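> Here's a structure for you.
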Amino acid sequence: MEAHQTRREFVVGACCVAGLVALGGVTKAYASDGTLLRPPGGQDEERLRALCIKCDRCRSVCPQHCVEPVSVTEGFLEARTPKLNFHRGYCDFCDKCIDACPTGALVAFNAEVDKIGVAVVDTEKCIAYSGRTCVVCQNSCPYEALSFDEAGHPVIDEDACNGCGECVMACNVNVNRAFDGSFERAIEVHAMGV
Ligand code: SF4
Ligand code: SF4
Ligand code: SF4
């Protein structure tokens with residue numbers, strides 16, 4: 001019986017793996033590793049996964065269009081739960097997604113103390129690291145979380161940054177590389193703990 005159950009589990013597992021391979025070969029089978037950037041109030045990953053019914057209301061009410069569904073390739077269990085994409089828009093903490101959520105998967109969020117994540121500069125891509133001047137990200141930040149050091153390189157104040165994504169939207173690298181279809185930015189918001 002035990003051996004039979006083991007065989008059955010093996011068959012089920014093999015079917016799941018085959019299904020995931022069929023979905024693209026790079027699908028993550030299990031829970032998020034914490035890299036998903038959730039809408040405000042969804043930072044408790046366990047709570048969000050337990051309560052989110054994938055109804056899409058948070059995405060549909062977002063006036064900034066920065067909420068999108070997680071794809072199956074990003075996490076099988078999280079597929080169609082909400083994540084933020086700051087290449088589409090930034091979060092102005094209007095709370096519309098929180099108000100629209102019917103299950104409490106998104107809870108009250110205070111932009112002065114809570115964080116979606118924290119901005120991180122990619123020194124390989126940042127224009128300011130190539131000897132040229134660029135202060136676009138600093139000018140875009142509504143929370144005075146960005147400054148420049150003596151070398152002219154952007155510095156993030158991790159205490160002041162709440163991960164709103166406005167600097168990501170503003171980053172000049174997107175413009176400079178638009179000719180090749182690149183959507184890269186030199187600054188991205190990383191989820192907390194990543
Ligand atoms: S708080 Fe407003 S802008 Fe931010 S993700 Fe929710 S609906 Fe969009
Ligand atoms: S509104 Fe709430 S339950 Fe619906 S998809 Fe968004 S987080 Fe999930
Ligand atoms: S994400 Fe960017 S714009 Fe928003 S608070 Fe952080 S550094 Fe400022």
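A note on labels: chains of the structure tokens are A, B, ... as shown, every chain counts residues from 1, and ligands are counted from 1 in their shown order.
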Within 6 Å of ligand 2 (counting only C-alpha atoms and all ligand atoms), which residues show up? I'd like them as a count of residues only.

15

> Ligand 3: which residues are within 8 Å, counting only C-alpha atoms and all ligand atoms? Reply as a PyMOL selection string.

chain A and resi 117-119+137-138+140-146+156-158+160-168+187-189

> I need the residues from that last selection saved to file as a CSV table (one decimal), in the first residue's frame (with C-alpha atoms), if you can.


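As a result, selection_26.csv now contains:
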```csv
chain,number,residue,atom,x,y,z
A,117,GLY,CA,10.4,47.4,-1.7
A,118,VAL,CA,13.6,49.4,-2.2
A,119,ALA,CA,15.2,50.9,-5.2
A,137,CYS,CA,15.9,59.7,-11.1
A,138,GLN,CA,16.6,62.2,-8.3
A,140,SER,CA,11.5,62.1,-10.1
A,141,CYS,CA,11.6,60.9,-6.4
A,142,PRO,CA,8.7,62.3,-4.3
A,143,TYR,CA,10.3,61.0,-1.1
A,144,GLU,CA,13.8,62.6,-1.2
A,145,ALA,CA,15.2,59.1,-1.2
A,146,LEU,CA,17.7,59.8,-4.0
A,156,ILE,CA,19.5,55.4,-2.4
A,157,ASP,CA,18.4,56.3,1.1
A,158,GLU,CA,16.9,52.9,2.0
A,160,ALA,CA,13.3,57.0,3.0
A,161,CYS,CA,12.6,54.9,-0.1
A,162,ASN,CA,9.2,53.1,0.0
A,163,GLY,CA,9.5,51.5,-3.4
A,164,CYS,CA,7.0,53.6,-5.3
A,165,GLY,CA,8.7,53.0,-8.6
A,166,GLU,CA,8.6,56.6,-9.9
A,167,CYS,CA,12.4,56.6,-10.5
A,168,VAL,CA,12.1,53.4,-12.5
A,187,ILE,CA,17.2,51.4,-11.4
A,188,GLU,CA,14.7,48.8,-10.3
A,189,VAL,CA,12.7,48.3,-7.1
```

> Give me, as JSON lines, each residue of chain A that comes within 6 Å of ligand 1, together with its shortest interatomic pair and the distance in Å at one decimal, counting only C-alpha atoms and all ligand atoms, with rows ordered by chain and rising residue number.


```
{"residue": "A:Pro39", "atom": "CA", "partner": "ligand 1", "partner_atom_place_in_ligand_line": "5 (S)", "distance": 5.0}
{"residue": "A:Pro40", "atom": "CA", "partner": "ligand 1", "partner_atom_place_in_ligand_line": "1 (S)", "distance": 6.0}
{"residue": "A:Val61", "atom": "CA", "partner": "ligand 1", "partner_atom_place_in_ligand_line": "7 (S)", "distance": 5.9}
{"residue": "A:Cys62", "atom": "CA", "partner": "ligand 1", "partner_atom_place_in_ligand_line": "7 (S)", "distance": 3.5}
{"residue": "A:Pro63", "atom": "CA", "partner": "ligand 1", "partner_atom_place_in_ligand_line": "8 (Fe)", "distance": 5.9}
{"residue": "A:Gln64", "atom": "CA", "partner": "ligand 1", "partner_atom_place_in_ligand_line": "3 (S)", "distance": 5.1}
{"residue": "A:Cys66", "atom": "CA", "partner": "ligand 1", "partner_atom_place_in_ligand_line": "8 (Fe)", "distance": 5.9}
{"residue": "A:Val67", "atom": "CA", "partner": "ligand 1", "partner_atom_place_in_ligand_line": "5 (S)", "distance": 5.7}
{"residue": "A:Cys91", "atom": "CA", "partner": "ligand 1", "partner_atom_place_in_ligand_line": "4 (Fe)", "distance": 3.7}
{"residue": "A:Asp92", "atom": "CA", "partner": "ligand 1", "partner_atom_place_in_ligand_line": "3 (S)", "distance": 4.6}
{"residue": "A:Phe93", "atom": "CA", "partner": "ligand 1", "partner_atom_place_in_ligand_line": "1 (S)", "distance": 3.7}
{"residue": "A:Cys94", "atom": "CA", "partner": "ligand 1", "partner_atom_place_in_ligand_line": "2 (Fe)", "distance": 4.0}
{"residue": "A:Asp95", "atom": "CA", "partner": "ligand 1", "partner_atom_place_in_ligand_line": "1 (S)", "distance": 4.0}
{"residue": "A:Lys96", "atom": "CA", "partner": "ligand 1", "partner_atom_place_in_ligand_line": "7 (S)", "distance": 4.3}
{"residue": "A:Cys97", "atom": "CA", "partner": "ligand 1", "partner_atom_place_in_ligand_line": "7 (S)", "distance": 4.1}
```

> Just C-alpha atoms for this one: save the residues we selected as a compact mmCIF listing (two decimals), in the first residue's frame.


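Final output, selection.txt:
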```txt
# COMPACT_ATOMS: atom_id res chain seq x y z
CA PRO A 39 0.82 45.94 -4.67
CA PRO A 40 0.80 48.00 -1.46
CA VAL A 61 -8.89 49.68 -10.76
CA CYS A 62 -5.25 50.83 -10.75
CA PRO A 63 -5.21 54.26 -12.42
CA GLN A 64 -1.46 54.03 -13.00
CA CYS A 66 1.21 49.31 -12.76
CA VAL A 67 -0.56 46.17 -11.52
CA CYS A 91 2.41 53.58 -7.54
CA ASP A 92 1.02 56.82 -6.12
CA PHE A 93 -0.50 55.02 -3.13
CA CYS A 94 -4.03 55.96 -4.06
CA ASP A 95 -5.25 52.85 -2.17
CA LYS A 96 -7.73 51.98 -4.91
CA CYS A 97 -6.40 48.41 -5.16
```

> A:Val113, A:Ala79, A:Ala186, A:Val70: which is nearest A:Ile127, counting only C-alpha atoms?

A:Ala186

> Using only C-alpha atoms, find the one residue out of A:Gln43, A:Cys126, A:His190, A:Leu37 that sits nearest to A:Phe109.

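Using only C-alpha atoms, the shortest distance to A:Phe109 belongs to A:Gln43.
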
> Counting only C-alpha atoms, figure out which residue out of A:Asp159, A:Asp114, A:Glu74, A:Asp180 gets nearest to A:Gly42.

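Of the candidates, the smallest distance to A:Gly42 is held by A:Asp114.
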
> Got a sec: who's within 10 Å of A:Arg185, counting only C-alpha atoms, leaving out chain neighbours fewer than 5 positions off, as a PyMOL selection string?

chain A and resi 86-87+121-122+125-126+167-177

> Generate a file of the selected residues that holds C-alpha atoms, formatted as a JSON list (two decimals), in the first residue's frame.


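Once written, part23.json looks like this:
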```json
[["chain", "number", "residue", "atom", "x", "y", "z"],
["A", 86, "PHE", "CA", 7.08, 49.81, -12.79],
["A", 87, "HIS", "CA", 7.92, 49.80, -16.49],
["A", 121, "VAL", "CA", 20.84, 51.07, -8.99],
["A", 122, "ASP", "CA", 22.44, 48.86, -11.65],
["A", 125, "LYS", "CA", 23.59, 50.38, -16.93],
["A", 126, "CYS", "CA", 23.39, 53.70, -15.09],
["A", 167, "CYS", "CA", 12.38, 56.60, -10.48],
["A", 168, "VAL", "CA", 12.09, 53.36, -12.48],
["A", 169, "MET", "CA", 9.49, 54.92, -14.73],
["A", 170, "ALA", "CA", 11.62, 58.04, -15.16],
["A", 171, "CYS", "CA", 15.00, 56.36, -15.77],
["A", 172, "ASN", "CA", 16.67, 57.68, -18.92],
["A", 173, "VAL", "CA", 18.19, 54.33, -19.84],
["A", 174, "ASN", "CA", 14.83, 53.25, -21.21],
["A", 175, "VAL", "CA", 14.88, 56.14, -23.67],
["A", 176, "ASN", "CA", 18.48, 55.53, -24.67],
["A", 177, "ARG", "CA", 17.87, 51.88, -25.46]]
```

> For the structure I just gave you, how does DSSP split stretch 91-139 of chain A - specifically, which residues are helix (DSSP H, G or I)? Reply as a list in words.

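Those in stretch 91-139 of chain A that DSSP calls helix (DSSP H, G or I) are Lys96, Cys97, Ile98, Asp99, Ala100, Ile127, Ala128, Tyr129, Ser130, Val136, Cys137, Gln138 and Asn139 of chain A.
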
> In Å, rounded to a single decimal, give me how far atom CA of A:Val120 is from atom CA of A:Ser147.

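Atom CA of A:Ser147 sits 12.9 Å away from atom CA of A:Val120.
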
> So the first atom is atom CA of A:Gly41 and the second is atom CA of A:Val136; what is the distance between them in Å, to one decimal place?

28.0 Å

> Interatomic distance between atom CA of A:His65 and atom CA of A:Glu45?

21.5 Å
